file data-v4.cif (mmCIF, C-alpha atoms (C1' of nucleotides))
data_model
loop_
_atom_site.label_atom_id
_atom_site.label_comp_id
_atom_site.auth_asym_id
_atom_site.auth_seq_id
_atom_site.Cartn_x
_atom_site.Cartn_y
_atom_site.Cartn_z
CA MET S 1 -18.02 -15.73 -1.09
CA GLN S 2 -14.66 -16.70 0.31
CA ASP S 3 -13.36 -13.29 -0.67
CA GLN S 4 -16.05 -11.62 1.42
CA LYS S 5 -14.91 -13.61 4.41
CA ASP S 6 -11.27 -12.77 3.73
CA LEU S 7 -12.10 -9.07 3.76
CA LYS S 8 -14.14 -9.31 6.95
CA ASN S 9 -11.34 -11.17 8.65
CA ALA S 10 -9.03 -8.35 7.65
CA GLY S 11 -11.43 -5.83 9.20
CA LEU S 12 -12.48 -4.42 5.84
CA LYS S 13 -15.98 -3.97 4.54
CA ALA S 14 -16.85 -6.09 1.54
CA THR S 15 -17.32 -3.35 -1.02
CA LEU S 16 -17.45 -3.75 -4.75
CA PRO S 17 -14.06 -2.23 -5.59
CA ARG S 18 -12.35 -4.35 -2.96
CA LEU S 19 -13.97 -7.58 -4.10
CA LYS S 20 -13.14 -6.82 -7.70
CA VAL S 21 -9.49 -6.05 -6.98
CA LEU S 22 -9.12 -9.20 -4.93
CA SER S 23 -10.69 -11.43 -7.58
CA LEU S 24 -8.49 -9.79 -10.17
CA PHE S 25 -5.39 -10.96 -8.35
CA GLU S 26 -6.84 -14.42 -7.91
CA ASN S 27 -7.89 -14.87 -11.51
CA SER S 28 -5.26 -12.97 -13.44
CA LYS S 29 -2.65 -14.91 -15.34
CA GLU S 30 -0.05 -12.35 -14.31
CA ARG S 31 0.75 -12.56 -10.62
CA HIS S 32 2.35 -9.10 -10.43
CA LEU S 33 0.14 -6.09 -11.10
CA SER S 34 0.51 -2.33 -10.70
CA ALA S 35 -2.19 0.10 -9.60
CA GLU S 36 -2.39 1.36 -13.17
CA ASP S 37 -2.79 -2.19 -14.50
CA ILE S 38 -5.68 -2.85 -12.17
CA TYR S 39 -7.33 0.47 -12.84
CA LYS S 40 -7.22 -0.11 -16.59
CA VAL S 41 -8.69 -3.60 -16.38
CA MET S 42 -11.52 -2.39 -14.16
CA ILE S 43 -12.34 0.58 -16.39
CA ASN S 44 -12.26 -1.61 -19.49
CA SER S 45 -14.66 -4.09 -17.92
CA GLY S 46 -17.12 -1.28 -17.25
CA GLU S 47 -16.50 -0.65 -13.54
CA ASP S 48 -16.91 2.95 -12.45
CA VAL S 49 -13.86 3.11 -10.23
CA GLY S 50 -11.44 5.90 -9.35
CA LEU S 51 -7.69 5.56 -9.43
CA ALA S 52 -7.49 6.86 -5.86
CA THR S 53 -9.67 3.97 -4.73
CA VAL S 54 -7.39 1.46 -6.39
CA TYR S 55 -4.38 2.93 -4.59
CA ARG S 56 -6.27 3.00 -1.29
CA VAL S 57 -7.44 -0.58 -1.63
CA LEU S 58 -4.00 -1.84 -2.55
CA THR S 59 -2.48 -0.13 0.48
CA GLN S 60 -5.16 -1.56 2.74
CA PHE S 61 -4.64 -5.04 1.34
CA GLU S 62 -0.93 -4.70 1.88
CA GLN S 63 -1.46 -3.65 5.51
CA ALA S 64 -3.89 -6.51 5.99
CA GLY S 65 -1.27 -8.91 4.71
CA LEU S 66 -3.29 -9.94 1.68
CA LEU S 67 -0.87 -8.43 -0.82
CA ILE S 68 2.86 -7.79 -0.97
CA ARG S 69 4.24 -4.61 -2.49
CA HIS S 70 7.38 -4.66 -4.60
CA HIS S 71 9.29 -1.85 -6.20
CA PHE S 72 11.77 -3.43 -8.60
CA GLU S 73 13.55 -0.69 -10.55
CA SER S 74 10.69 0.50 -12.72
CA GLY S 75 9.71 3.45 -10.52
CA LYS S 76 6.20 2.14 -9.93
CA ALA S 77 5.02 -0.31 -7.33
CA VAL S 78 3.66 -3.74 -8.24
CA PHE S 79 1.65 -6.05 -6.01
CA GLU S 80 1.20 -9.78 -5.72
CA LEU S 81 -1.05 -12.03 -3.68
CA ASN S 82 0.54 -13.02 -0.39
CA THR S 83 0.44 -16.78 -0.50
CA GLY S 84 2.54 -17.13 2.61
CA GLY S 85 5.70 -18.62 1.19
CA HIS S 86 8.51 -16.11 0.91
CA HIS S 87 10.38 -15.98 -2.38
CA ASP S 88 12.65 -13.69 -4.33
CA HIS S 89 12.19 -12.43 -7.86
CA ILE S 90 13.90 -12.43 -11.20
CA VAL S 91 12.67 -9.83 -13.67
CA CYS S 92 13.26 -9.80 -17.42
CA VAL S 93 14.55 -6.36 -18.36
CA LYS S 94 13.25 -6.77 -21.92
CA CYS S 95 9.69 -8.02 -21.47
CA GLY S 96 9.03 -7.47 -17.77
CA ARG S 97 8.21 -11.11 -17.10
CA VAL S 98 8.64 -12.00 -13.43
CA GLU S 99 9.66 -15.40 -12.10
CA GLU S 100 10.11 -16.45 -8.50
CA PHE S 101 12.71 -18.49 -6.69
CA TYR S 102 13.76 -19.41 -3.21
CA ASP S 103 17.14 -20.41 -1.80
CA ALA S 104 17.36 -21.34 1.85
CA GLU S 105 21.10 -20.79 2.01
CA ILE S 106 20.74 -17.23 0.69
CA GLU S 107 18.08 -16.54 3.30
CA LYS S 108 20.28 -17.86 6.06
CA ARG S 109 23.27 -15.83 4.97
CA GLN S 110 21.25 -12.62 4.94
CA GLU S 111 20.43 -13.17 8.58
CA SER S 112 24.05 -13.56 9.51
CA ALA S 113 25.14 -10.57 7.42
CA SER S 114 22.58 -8.43 9.28
CA ALA S 115 23.69 -9.70 12.65
CA LYS S 116 27.34 -9.10 11.83
CA LEU S 117 26.63 -5.41 11.07
CA GLY S 118 24.50 -4.91 14.17
CA PHE S 119 21.15 -4.72 12.41
CA LYS S 120 17.97 -6.40 13.49
CA MET S 121 16.67 -7.65 10.14
CA GLN S 122 13.04 -6.89 9.43
CA ASP S 123 12.67 -7.50 5.76
CA HIS S 124 14.71 -7.91 2.64
CA SER S 125 14.32 -7.79 -1.09
CA LEU S 126 16.44 -9.67 -3.57
CA THR S 127 15.71 -9.03 -7.21
CA ILE S 128 17.74 -10.33 -10.12
CA TYR S 129 17.52 -8.53 -13.45
CA GLY S 130 18.24 -10.47 -16.60
CA ILE S 131 17.00 -11.50 -20.02
CA CYS S 132 14.63 -14.40 -20.21
CA ASP S 133 14.73 -17.26 -22.69
CA LYS S 134 11.37 -16.48 -24.29
CA GLN S 135 11.20 -14.83 -27.70
CA PRO S 136 11.99 -12.10 -28.52
CA CYS S 137 14.08 -11.53 -25.39
CA ALA S 138 16.40 -14.48 -25.93
CA ASN S 139 17.96 -12.77 -28.95
CA LYS S 140 21.08 -11.28 -27.54
CA ASN S 141 22.42 -8.71 -25.19
CA MET I 1 42.64 17.43 -11.86
CA GLN I 2 42.00 13.71 -11.81
CA ASP I 3 38.29 14.43 -11.85
CA GLN I 4 38.70 16.45 -15.04
CA LYS I 5 40.33 13.46 -16.68
CA ASP I 6 37.60 11.12 -15.41
CA LEU I 7 34.96 13.31 -17.02
CA LYS I 8 36.80 13.56 -20.33
CA ASN I 9 37.22 9.81 -20.41
CA ALA I 10 33.49 9.48 -19.93
CA GLY I 11 32.90 11.80 -22.89
CA LEU I 12 31.63 14.62 -20.69
CA LYS I 13 32.81 18.20 -20.66
CA ALA I 14 34.50 19.26 -17.45
CA THR I 15 31.98 21.84 -16.30
CA LEU I 16 31.66 23.34 -12.88
CA PRO I 17 28.49 21.56 -11.75
CA ARG I 18 29.87 18.21 -12.83
CA LEU I 19 33.19 18.69 -11.09
CA LYS I 20 31.42 19.83 -7.95
CA VAL I 21 29.06 16.86 -7.88
CA LEU I 22 31.90 14.43 -8.45
CA SER I 23 34.05 15.93 -5.70
CA LEU I 24 31.06 15.85 -3.39
CA PHE I 25 30.82 12.09 -3.74
CA GLU I 26 34.55 11.71 -3.26
CA ASN I 27 34.77 13.89 -0.18
CA SER I 28 31.46 13.27 1.56
CA LYS I 29 31.39 11.15 4.66
CA GLU I 30 28.10 9.64 3.52
CA ARG I 31 28.59 7.36 0.53
CA HIS I 32 24.91 7.36 -0.47
CA LEU I 33 23.40 10.67 -1.59
CA SER I 34 20.11 11.71 -3.20
CA ALA I 35 19.67 14.44 -5.82
CA GLU I 36 18.08 16.61 -3.16
CA ASP I 37 20.99 16.05 -0.76
CA ILE I 38 23.46 17.16 -3.41
CA TYR I 39 21.38 20.13 -4.48
CA LYS I 40 21.11 21.39 -0.89
CA VAL I 41 24.82 21.08 -0.20
CA MET I 42 25.65 22.95 -3.39
CA ILE I 43 23.16 25.75 -2.74
CA ASN I 44 24.38 26.09 0.85
CA SER I 45 27.96 26.42 -0.31
CA GLY I 46 26.99 29.26 -2.60
CA GLU I 47 26.82 27.47 -5.96
CA ASP I 48 24.21 28.80 -8.35
CA VAL I 49 22.96 25.45 -9.55
CA GLY I 50 19.55 24.21 -10.68
CA LEU I 51 17.94 21.04 -9.43
CA ALA I 52 17.45 19.93 -13.04
CA THR I 53 21.19 20.09 -13.58
CA VAL I 54 21.81 17.90 -10.58
CA TYR I 55 19.41 15.29 -11.92
CA ARG I 56 20.95 15.55 -15.39
CA VAL I 57 24.46 15.17 -14.08
CA LEU I 58 23.57 12.22 -11.87
CA THR I 59 21.94 10.41 -14.78
CA GLN I 60 24.94 11.11 -17.01
CA PHE I 61 27.31 9.85 -14.35
CA GLU I 62 25.25 6.74 -13.97
CA GLN I 63 25.32 6.11 -17.72
CA ALA I 64 29.05 6.75 -17.75
CA GLY I 65 29.47 4.15 -15.02
CA LEU I 66 30.83 6.63 -12.49
CA LEU I 67 27.84 6.30 -10.16
CA ILE I 68 25.38 3.58 -9.25
CA ARG I 69 21.72 4.38 -8.70
CA HIS I 70 19.74 2.66 -5.96
CA HIS I 71 16.08 2.88 -5.10
CA PHE I 72 15.68 1.16 -1.74
CA GLU I 73 12.09 1.60 -0.52
CA SER I 74 12.16 5.30 0.27
CA GLY I 75 10.62 6.47 -2.98
CA LYS I 76 13.63 8.54 -3.96
CA ALA I 77 16.79 7.45 -5.73
CA VAL I 78 20.18 7.56 -4.03
CA PHE I 79 23.56 7.36 -5.72
CA GLU I 80 26.97 6.10 -4.73
CA LEU I 81 30.41 6.20 -6.34
CA ASN I 82 31.06 3.13 -8.46
CA THR I 83 34.27 1.82 -7.00
CA GLY I 84 34.17 -1.37 -9.02
CA GLY I 85 33.66 -3.84 -6.22
CA HIS I 86 30.10 -5.12 -6.09
CA HIS I 87 28.32 -5.21 -2.75
CA ASP I 88 24.84 -5.41 -1.33
CA HIS I 89 23.14 -3.05 1.11
CA ILE I 90 21.47 -3.04 4.47
CA VAL I 91 19.34 -0.01 5.24
CA CYS I 92 18.08 1.11 8.64
CA VAL I 93 14.36 1.74 8.34
CA LYS I 94 14.47 4.17 11.26
CA CYS I 95 17.41 6.45 10.46
CA GLY I 96 18.22 5.64 6.84
CA ARG I 97 21.81 4.65 7.57
CA VAL I 98 23.23 2.42 4.85
CA GLU I 99 25.87 -0.26 5.35
CA GLU I 100 27.39 -2.55 2.78
CA PHE I 101 28.23 -6.22 2.75
CA TYR I 102 29.33 -8.94 0.37
CA ASP I 103 28.81 -12.68 0.49
CA ALA I 104 30.41 -14.76 -2.25
CA GLU I 105 28.11 -17.70 -1.66
CA ILE I 106 25.01 -15.53 -2.10
CA GLU I 107 26.43 -14.18 -5.35
CA LYS I 108 27.12 -17.68 -6.63
CA ARG I 109 23.66 -18.91 -5.76
CA GLN I 110 22.03 -16.03 -7.60
CA GLU I 111 23.82 -17.08 -10.75
CA SER I 112 22.58 -20.63 -10.49
CA ALA I 113 19.03 -19.53 -9.66
CA SER I 114 19.02 -17.39 -12.83
CA ALA I 115 20.38 -20.18 -14.96
CA LYS I 116 17.84 -22.63 -13.60
CA LEU I 117 14.97 -20.35 -14.66
CA GLY I 118 16.40 -19.70 -18.10
CA PHE I 119 17.48 -16.11 -17.48
CA LYS I 120 20.75 -14.56 -18.50
CA MET I 121 21.59 -12.55 -15.40
CA GLN I 122 22.59 -8.94 -16.00
CA ASP I 123 22.32 -7.34 -12.63
CA HIS I 124 20.83 -7.88 -9.24
CA SER I 125 19.99 -5.97 -6.14
CA LEU I 126 19.81 -7.36 -2.64
CA THR I 127 18.74 -4.96 0.06
CA ILE I 128 18.07 -5.89 3.66
CA TYR I 129 15.86 -3.61 5.75
CA GLY I 130 16.34 -3.59 9.49
CA ILE I 131 16.96 -1.53 12.57
CA CYS I 132 20.52 -0.54 13.32
CA ASP I 133 22.24 -0.66 16.70
CA LYS I 134 22.88 3.08 16.89
CA GLN I 135 20.76 5.28 19.12
CA PRO I 136 17.93 6.00 18.91
CA CYS I 137 17.15 3.18 16.51
CA ALA I 138 18.30 0.38 18.79
CA ASN I 139 15.38 1.01 21.14
CA LYS I 140 12.95 -1.61 20.06
CA ASN I 141 10.86 -2.75 17.17
"C1'" DA K 1 38.80 35.42 -31.49
"C1'" DG K 2 34.98 32.81 -33.79
"C1'" DC K 3 31.97 29.08 -34.39
"C1'" DG K 4 28.83 25.15 -33.46
"C1'" DA K 5 27.72 21.99 -30.15
"C1'" DA K 6 27.07 21.03 -25.54
"C1'" DG K 7 25.57 22.54 -21.12
"C1'" DC K 8 23.22 25.58 -18.12
"C1'" DG K 9 19.19 27.47 -14.81
"C1'" DA K 10 14.40 28.42 -14.56
"C1'" DA K 11 10.02 27.14 -15.29
"C1'" DA K 12 6.66 23.99 -16.73
"C1'" DA K 13 5.32 19.34 -17.39
"C1'" DA K 14 5.15 14.42 -16.47
"C1'" DC K 15 4.53 10.81 -13.43
"C1'" DA K 16 3.11 8.08 -9.50
"C1'" DC K 17 0.77 8.66 -5.69
"C1'" DT K 18 -2.04 10.93 -1.63
"C1'" DG K 19 -5.36 14.12 0.51
"C1'" DT K 20 -9.95 16.36 0.63
"C1'" DC K 21 -14.74 16.36 0.40
"C1'" DA K 22 -19.55 15.79 -0.78
"C1'" DT K 23 -22.12 11.74 -1.86
"C1'" DT K 24 -23.08 6.82 -1.63
"C1'" DG K 25 -22.93 2.13 0.29
"C1'" DT K 26 -22.36 -1.19 4.01
"C1'" DT K 27 -23.29 -2.94 8.36
"C1'" DA K 28 -25.23 -3.64 12.87
"C1'" DA K 29 -29.04 -2.58 15.65
"C1'" DT K 30 -33.44 -2.16 15.73
"C1'" DA X 1 -37.07 -4.84 6.47
"C1'" DT X 2 -35.76 -0.07 8.16
"C1'" DT X 3 -32.85 2.83 9.73
"C1'" DA X 4 -29.02 5.26 11.61
"C1'" DA X 5 -24.08 5.62 11.98
"C1'" DC X 6 -20.12 6.02 9.73
"C1'" DA X 7 -16.90 3.86 6.52
"C1'" DA X 8 -15.86 3.93 1.64
"C1'" DT X 9 -16.15 5.89 -2.86
"C1'" DG X 10 -15.19 8.88 -7.20
"C1'" DA X 11 -13.79 13.24 -8.73
"C1'" DC X 12 -10.39 16.34 -8.46
"C1'" DA X 13 -6.82 19.05 -6.47
"C1'" DG X 14 -2.36 18.70 -4.38
"C1'" DT X 15 2.41 16.35 -3.41
"C1'" DG X 16 6.95 15.01 -4.11
"C1'" DT X 17 10.25 13.42 -7.33
"C1'" DT X 18 12.10 13.47 -11.70
"C1'" DT X 19 12.14 14.98 -16.76
"C1'" DT X 20 11.49 18.14 -20.57
"C1'" DT X 21 11.63 22.44 -22.81
"C1'" DC X 22 13.62 26.72 -23.87
"C1'" DG X 23 16.46 30.69 -24.45
"C1'" DC X 24 20.95 31.96 -23.06
"C1'" DT X 25 25.84 30.85 -21.82
"C1'" DT X 26 29.99 28.34 -21.92
"C1'" DC X 27 33.20 25.11 -23.79
"C1'" DG X 28 36.62 23.55 -26.76
"C1'" DC X 29 38.28 22.99 -31.27
"C1'" DT X 30 40.19 25.72 -34.98
#
call {"tool": "encode", "arguments": {"input": "data-v4.cif", "output": "structure tokens"}}
result
Amino acid sequence: MQDQKDLKNAGLKATLPRLKVLSLFENSKERHLSAEDIYKVMINSGEDVGLATVYRVLTQFEQAGLLIRHHFESGKAVFELNTGGHHDHIVCVKCGRVEEFYDAEIEKRQESASAKLGFKMQDHSLTIYGICDKQPCANKN
Amino acid sequence: MQDQKDLKNAGLKATLPRLKVLSLFENSKERHLSAEDIYKVMINSGEDVGLATVYRVLTQFEQAGLLIRHHFESGKAVFELNTGGHHDHIVCVKCGRVEEFYDAEIEKRQESASAKLGFKMQDHSLTIYGICDKQPCANKN
DNA sequence: AGCGAAGCGAAAAACACTGTCATTGTTAAT
DNA sequence: ATTAACAATGACAGTGTTTTTCGCTTCGCT
């Protein structure tokens, strides 16, 4: 019900694919999902959805400010619910797990770096790549 | 001559396409080049090179540590000569111009953020997107 | 010079994503 | 509730970037 309102507020009709995608982000354990991820889950749960629709819906949600698109280095885009608070990401290069962090001093220094080079900062993306402490990733390298 | 040695040290035969690509990075005014950029320059200067070779060579150079690959948000990879000194990037979303900067405090804080979340940091990428002060980008938005 | 491995260009394939289009679904006005 | 307008959908073809495959050529060690 709330999702329907969210879509209306964003100027989008409350269609089945859109409601399903939205609820998927809200209920999924994993905050960061790719178009392919979403498509697979929907197909496996019996929805009759097309991949093009998933891509369309994700783009619309991004434009409406409901989702944020990230690229990381994997070559495919992943999305997460826009909960308002900005944060940066740290991605495990072994298992793909994503954690979030925020550092006010880093944010501030990005602003001044931009200004110093004559850029009007619009956006930024800071992603750390590392190996997480969960098994089996913790074992070396 | 130095390039030949660089390639040998990297375990790569000193072939014409490889020497040409390497010299292109060393002599080009623009530090950041895409596969397509390189291919076009080579074709225009009369080389009989294939796009596949350019991609192969760029990947080999990356693995050999001669080049660094970046993705930024444009959908295509760009490469730059690995001169040893780490730096971050600021990209103009209007004209694609890329500038570089370095902030020791930001670097330090990334390390501690990783440690706090139980990650062993391997790499990181900080890219700021903005609008540069050159014409015509400076005009608004 | 001769040999085997490495490298090449061209073409086809893989991959993520976008465009097109006939059909279906949603919404606002009756 | 019905309906009419048109927005949204699924199937599928098409893009743009990058990778793979393949037969031929070149390299570099002897």
call {"tool": "resolve_selection", "arguments": {"input": "data-v4.cif", "expression": "the PyMOL selection byres ((chain X) within 12 of (chain I))", "output": "list in words"}}
result
DG16, DT17, DT18, DT19, DT20, DT21, DT26, DC27 and DG28 of chain X
call {"tool": "residues_near_point", "arguments": {"input": "data-v4.cif", "point": "(-7.3, -3.3, 3.6)", "cutoff": "9 Å", "atoms": "all atoms listed in the file", "output": "list in words"}}
result
Leu7, Ala10, Gly11, Leu12, Lys13, Arg18, Arg56, Val57, Leu58, Thr59, Gln60, Phe61, Glu62, Gln63, Ala64, Gly65 and Leu66 of chain S
call {"tool": "closest_residue", "arguments": {"input": "data-v4.cif", "among": "I:Leu19, I:Leu67, I:Val54, I:Ile128", "to": "chain S", "atoms": "only C-alpha atoms"}}
result
I:Ile128
call {"tool": "closest_residue", "arguments": {"input": "data-v4.cif", "among": "K:DT27, K:DG2, K:DC21, K:DA13", "to": "chain S", "atoms": "all atoms listed in the file"}}
result
K:DT27
call {"tool": "closest_atom_pairs", "arguments": {"input": "data-v4.cif", "of": "chain S", "to": "chain I", "cutoff": "10 Å", "atoms": "only C-alpha atoms", "output": "JSON lines"}}
result
{"residue": "S:His70", "atom": "CA", "partner": "I:Glu73", "partner_atom": "CA", "distance": 8.8}
{"residue": "S:His71", "atom": "CA", "partner": "I:Glu73", "partner_atom": "CA", "distance": 7.2}
{"residue": "S:Phe72", "atom": "CA", "partner": "I:His71", "partner_atom": "CA", "distance": 8.4}
{"residue": "S:Glu73", "atom": "CA", "partner": "I:His71", "partner_atom": "CA", "distance": 7.0}
{"residue": "S:Ser74", "atom": "CA", "partner": "I:His71", "partner_atom": "CA", "distance": 9.6}
{"residue": "S:Gly75", "atom": "CA", "partner": "I:Gly75", "partner_atom": "CA", "distance": 8.2}
{"residue": "S:Lys76", "atom": "CA", "partner": "I:Gly75", "partner_atom": "CA", "distance": 9.3}
{"residue": "S:Ala77", "atom": "CA", "partner": "I:Gly75", "partner_atom": "CA", "distance": 9.8}
{"residue": "S:Asp88", "atom": "CA", "partner": "I:Leu126", "partner_atom": "CA", "distance": 9.7}
{"residue": "S:His89", "atom": "CA", "partner": "I:Ser114", "partner_atom": "CA", "distance": 9.8}
{"residue": "S:Ile90", "atom": "CA", "partner": "I:Ser114", "partner_atom": "CA", "distance": 7.3}
{"residue": "S:Val91", "atom": "CA", "partner": "I:Phe119", "partner_atom": "CA", "distance": 8.8}
{"residue": "S:Cys92", "atom": "CA", "partner": "I:Phe119", "partner_atom": "CA", "distance": 7.6}
{"residue": "S:Val93", "atom": "CA", "partner": "I:Gln122", "partner_atom": "CA", "distance": 8.8}
{"residue": "S:Glu99", "atom": "CA", "partner": "I:Leu117", "partner_atom": "CA", "distance": 7.7}
{"residue": "S:Glu100", "atom": "CA", "partner": "I:Leu117", "partner_atom": "CA", "distance": 8.8}
{"residue": "S:Phe101", "atom": "CA", "partner": "I:Ala113", "partner_atom": "CA", "distance": 7.1}
{"residue": "S:Tyr102", "atom": "CA", "partner": "I:Ala113", "partner_atom": "CA", "distance": 8.3}
{"residue": "S:Asp103", "atom": "CA", "partner": "I:Arg109", "partner_atom": "CA", "distance": 7.8}
{"residue": "S:Glu105", "atom": "CA", "partner": "I:Ile106", "partner_atom": "CA", "distance": 7.7}
{"residue": "S:Ile106", "atom": "CA", "partner": "I:Ile106", "partner_atom": "CA", "distance": 5.4}
{"residue": "S:Glu107", "atom": "CA", "partner": "I:Ile106", "partner_atom": "CA", "distance": 8.8}
{"residue": "S:Lys108", "atom": "CA", "partner": "I:Ile106", "partner_atom": "CA", "distance": 9.7}
{"residue": "S:Arg109", "atom": "CA", "partner": "I:Ile106", "partner_atom": "CA", "distance": 7.3}
{"residue": "S:Gln110", "atom": "CA", "partner": "I:Ile128", "partner_atom": "CA", "distance": 7.6}
{"residue": "S:Glu111", "atom": "CA", "partner": "I:Ile128", "partner_atom": "CA", "distance": 9.1}
{"residue": "S:Ala113", "atom": "CA", "partner": "I:Phe101", "partner_atom": "CA", "distance": 7.1}
{"residue": "S:Ser114", "atom": "CA", "partner": "I:Ile90", "partner_atom": "CA", "distance": 7.3}
{"residue": "S:Ala115", "atom": "CA", "partner": "I:Cys132", "partner_atom": "CA", "distance": 9.7}
{"residue": "S:Lys116", "atom": "CA", "partner": "I:Phe101", "partner_atom": "CA", "distance": 9.6}
{"residue": "S:Leu117", "atom": "CA", "partner": "I:Glu99", "partner_atom": "CA", "distance": 7.7}
{"residue": "S:Gly118", "atom": "CA", "partner": "I:Asp133", "partner_atom": "CA", "distance": 5.4}
{"residue": "S:Phe119", "atom": "CA", "partner": "I:Cys132", "partner_atom": "CA", "distance": 4.3}
{"residue": "S:Lys120", "atom": "CA", "partner": "I:Ile131", "partner_atom": "CA", "distance": 5.1}
{"residue": "S:Met121", "atom": "CA", "partner": "I:Gly130", "partner_atom": "CA", "distance": 4.1}
{"residue": "S:Gln122", "atom": "CA", "partner": "I:Gly130", "partner_atom": "CA", "distance": 4.7}
{"residue": "S:Asp123", "atom": "CA", "partner": "I:Tyr129", "partner_atom": "CA", "distance": 5.0}
{"residue": "S:His124", "atom": "CA", "partner": "I:Ile128", "partner_atom": "CA", "distance": 4.1}
{"residue": "S:Ser125", "atom": "CA", "partner": "I:Thr127", "partner_atom": "CA", "distance": 5.4}
{"residue": "S:Leu126", "atom": "CA", "partner": "I:Leu126", "partner_atom": "CA", "distance": 4.2}
{"residue": "S:Thr127", "atom": "CA", "partner": "I:Ser125", "partner_atom": "CA", "distance": 5.4}
{"residue": "S:Ile128", "atom": "CA", "partner": "I:His124", "partner_atom": "CA", "distance": 4.0}
{"residue": "S:Tyr129", "atom": "CA", "partner": "I:Asp123", "partner_atom": "CA", "distance": 5.0}
{"residue": "S:Gly130", "atom": "CA", "partner": "I:Met121", "partner_atom": "CA", "distance": 4.1}
{"residue": "S:Ile131", "atom": "CA", "partner": "I:Lys120", "partner_atom": "CA", "distance": 5.1}
{"residue": "S:Cys132", "atom": "CA", "partner": "I:Phe119", "partner_atom": "CA", "distance": 4.3}
{"residue": "S:Asp133", "atom": "CA", "partner": "I:Gly118", "partner_atom": "CA", "distance": 5.5}
{"residue": "S:Lys134", "atom": "CA", "partner": "I:Gly118", "partner_atom": "CA", "distance": 8.6}
{"residue": "S:Cys137", "atom": "CA", "partner": "I:Phe119", "partner_atom": "CA", "distance": 9.8}
{"residue": "S:Ala138", "atom": "CA", "partner": "I:Lys120", "partner_atom": "CA", "distance": 8.6}
{"residue": "S:Lys140", "atom": "CA", "partner": "I:Lys120", "partner_atom": "CA", "distance": 9.6}
{"residue": "S:Asn141", "atom": "CA", "partner": "I:Lys120", "partner_atom": "CA", "distance": 9.0}
call {"tool": "closest_atom_pairs", "arguments": {"input": "data-v4.cif", "of": "chain K", "to": "chain S", "cutoff": "12 Å", "atoms": "all atoms listed in the file", "output": "CSV"}}
result
residue,atom,partner,partner_atom,distance
K:DC15,C1',S:Gly75,CA,9.5
K:DA16,C1',S:Lys76,CA,6.7
K:DC17,C1',S:Tyr55,CA,7.8
K:DT18,C1',S:Ala52,CA,8.0
K:DG19,C1',S:Ala52,CA,9.9
K:DT20,C1',S:Ala52,CA,11.8
K:DT24,C1',S:Thr15,CA,11.7
K:DG25,C1',S:Thr15,CA,8.0
K:DT26,C1',S:Lys13,CA,7.0
K:DT27,C1',S:Lys13,CA,8.3
call {"tool": "resolve_selection", "arguments": {"input": "data-v4.cif", "expression": "the PyMOL selection byres ((chain I and resi 79) around 6)", "output": "PyMOL selection string"}}
result
chain I and resi 32-33+68-69+78+80
call {"tool": "decode", "arguments": {"input": "data-v4.cif", "residues": "region 17-25 of chain X", "atoms": "N, CA, C and O atoms (P, O5', C5', C4', C3', O3' and C1' of nucleotides)", "output": "short mmCIF file (atom, residue, chain, number, x, y, z; two decimals), in the first residue's frame"}}
result
data_model
loop_
_atom_site.label_atom_id
_atom_site.label_comp_id
_atom_site.auth_asym_id
_atom_site.auth_seq_id
_atom_site.Cartn_x
_atom_site.Cartn_y
_atom_site.Cartn_z
P DT X 17 30.93 2.45 -27.62
"O5'" DT X 17 31.61 1.29 -26.75
"C5'" DT X 17 31.14 1.06 -25.43
"C4'" DT X 17 31.60 -0.30 -24.96
"C3'" DT X 17 33.11 -0.55 -25.08
"O3'" DT X 17 33.59 -0.84 -23.78
"C1'" DT X 17 31.85 -2.42 -25.85
P DT X 18 35.18 -0.96 -23.51
"O5'" DT X 18 35.40 -2.53 -23.62
"C5'" DT X 18 34.74 -3.36 -22.68
"C4'" DT X 18 34.81 -4.80 -23.13
"C3'" DT X 18 36.24 -5.35 -23.30
"O3'" DT X 18 36.43 -6.37 -22.33
"C1'" DT X 18 34.78 -6.06 -25.03
P DT X 19 37.69 -7.30 -22.28
"O5'" DT X 19 37.23 -8.63 -23.05
"C5'" DT X 19 36.03 -9.27 -22.65
"C4'" DT X 19 35.88 -10.59 -23.39
"C3'" DT X 19 37.16 -11.43 -23.45
"O3'" DT X 19 36.78 -12.75 -23.11
"C1'" DT X 19 36.32 -11.08 -25.63
P DT X 20 37.84 -13.97 -23.07
"O5'" DT X 20 37.46 -14.88 -24.34
"C5'" DT X 20 36.11 -14.95 -24.76
"C4'" DT X 20 36.00 -15.75 -26.05
"C3'" DT X 20 37.09 -16.80 -26.26
"O3'" DT X 20 36.45 -17.99 -26.71
"C1'" DT X 20 37.03 -15.34 -28.12
P DT X 21 37.30 -19.36 -26.95
"O5'" DT X 21 37.36 -19.45 -28.53
"C5'" DT X 21 36.20 -19.12 -29.29
"C4'" DT X 21 36.52 -19.17 -30.78
"C3'" DT X 21 37.57 -20.21 -31.17
"O3'" DT X 21 37.13 -20.84 -32.37
"C1'" DT X 21 38.22 -18.08 -31.95
P DC X 22 37.80 -22.24 -32.86
"O5'" DC X 22 38.56 -21.75 -34.17
"C5'" DC X 22 37.89 -20.87 -35.08
"C4'" DC X 22 38.89 -20.37 -36.11
"C3'" DC X 22 40.06 -21.33 -36.34
"O3'" DC X 22 40.29 -21.49 -37.73
"C1'" DC X 22 40.86 -19.17 -35.86
P DG X 23 41.03 -22.89 -38.27
"O5'" DG X 23 41.85 -22.31 -39.51
"C5'" DG X 23 41.29 -21.30 -40.35
"C4'" DG X 23 42.37 -20.33 -40.77
"C3'" DG X 23 43.68 -21.01 -41.25
"O3'" DG X 23 44.14 -20.34 -42.41
"C1'" DG X 23 44.16 -19.52 -39.49
P DC X 24 45.47 -20.76 -43.14
"O5'" DC X 24 46.40 -19.49 -42.84
"C5'" DC X 24 45.91 -18.17 -43.12
"C4'" DC X 24 46.90 -17.15 -42.62
"C3'" DC X 24 48.35 -17.40 -43.05
"O3'" DC X 24 48.88 -16.18 -43.56
"C1'" DC X 24 48.23 -17.15 -40.70
P DT X 25 50.42 -16.06 -44.00
"O5'" DT X 25 51.06 -15.26 -42.79
"C5'" DT X 25 50.41 -14.07 -42.34
"C4'" DT X 25 51.26 -13.43 -41.26
"C3'" DT X 25 52.74 -13.31 -41.58
"O3'" DT X 25 53.13 -12.00 -41.21
"C1'" DT X 25 52.47 -14.44 -39.52
#
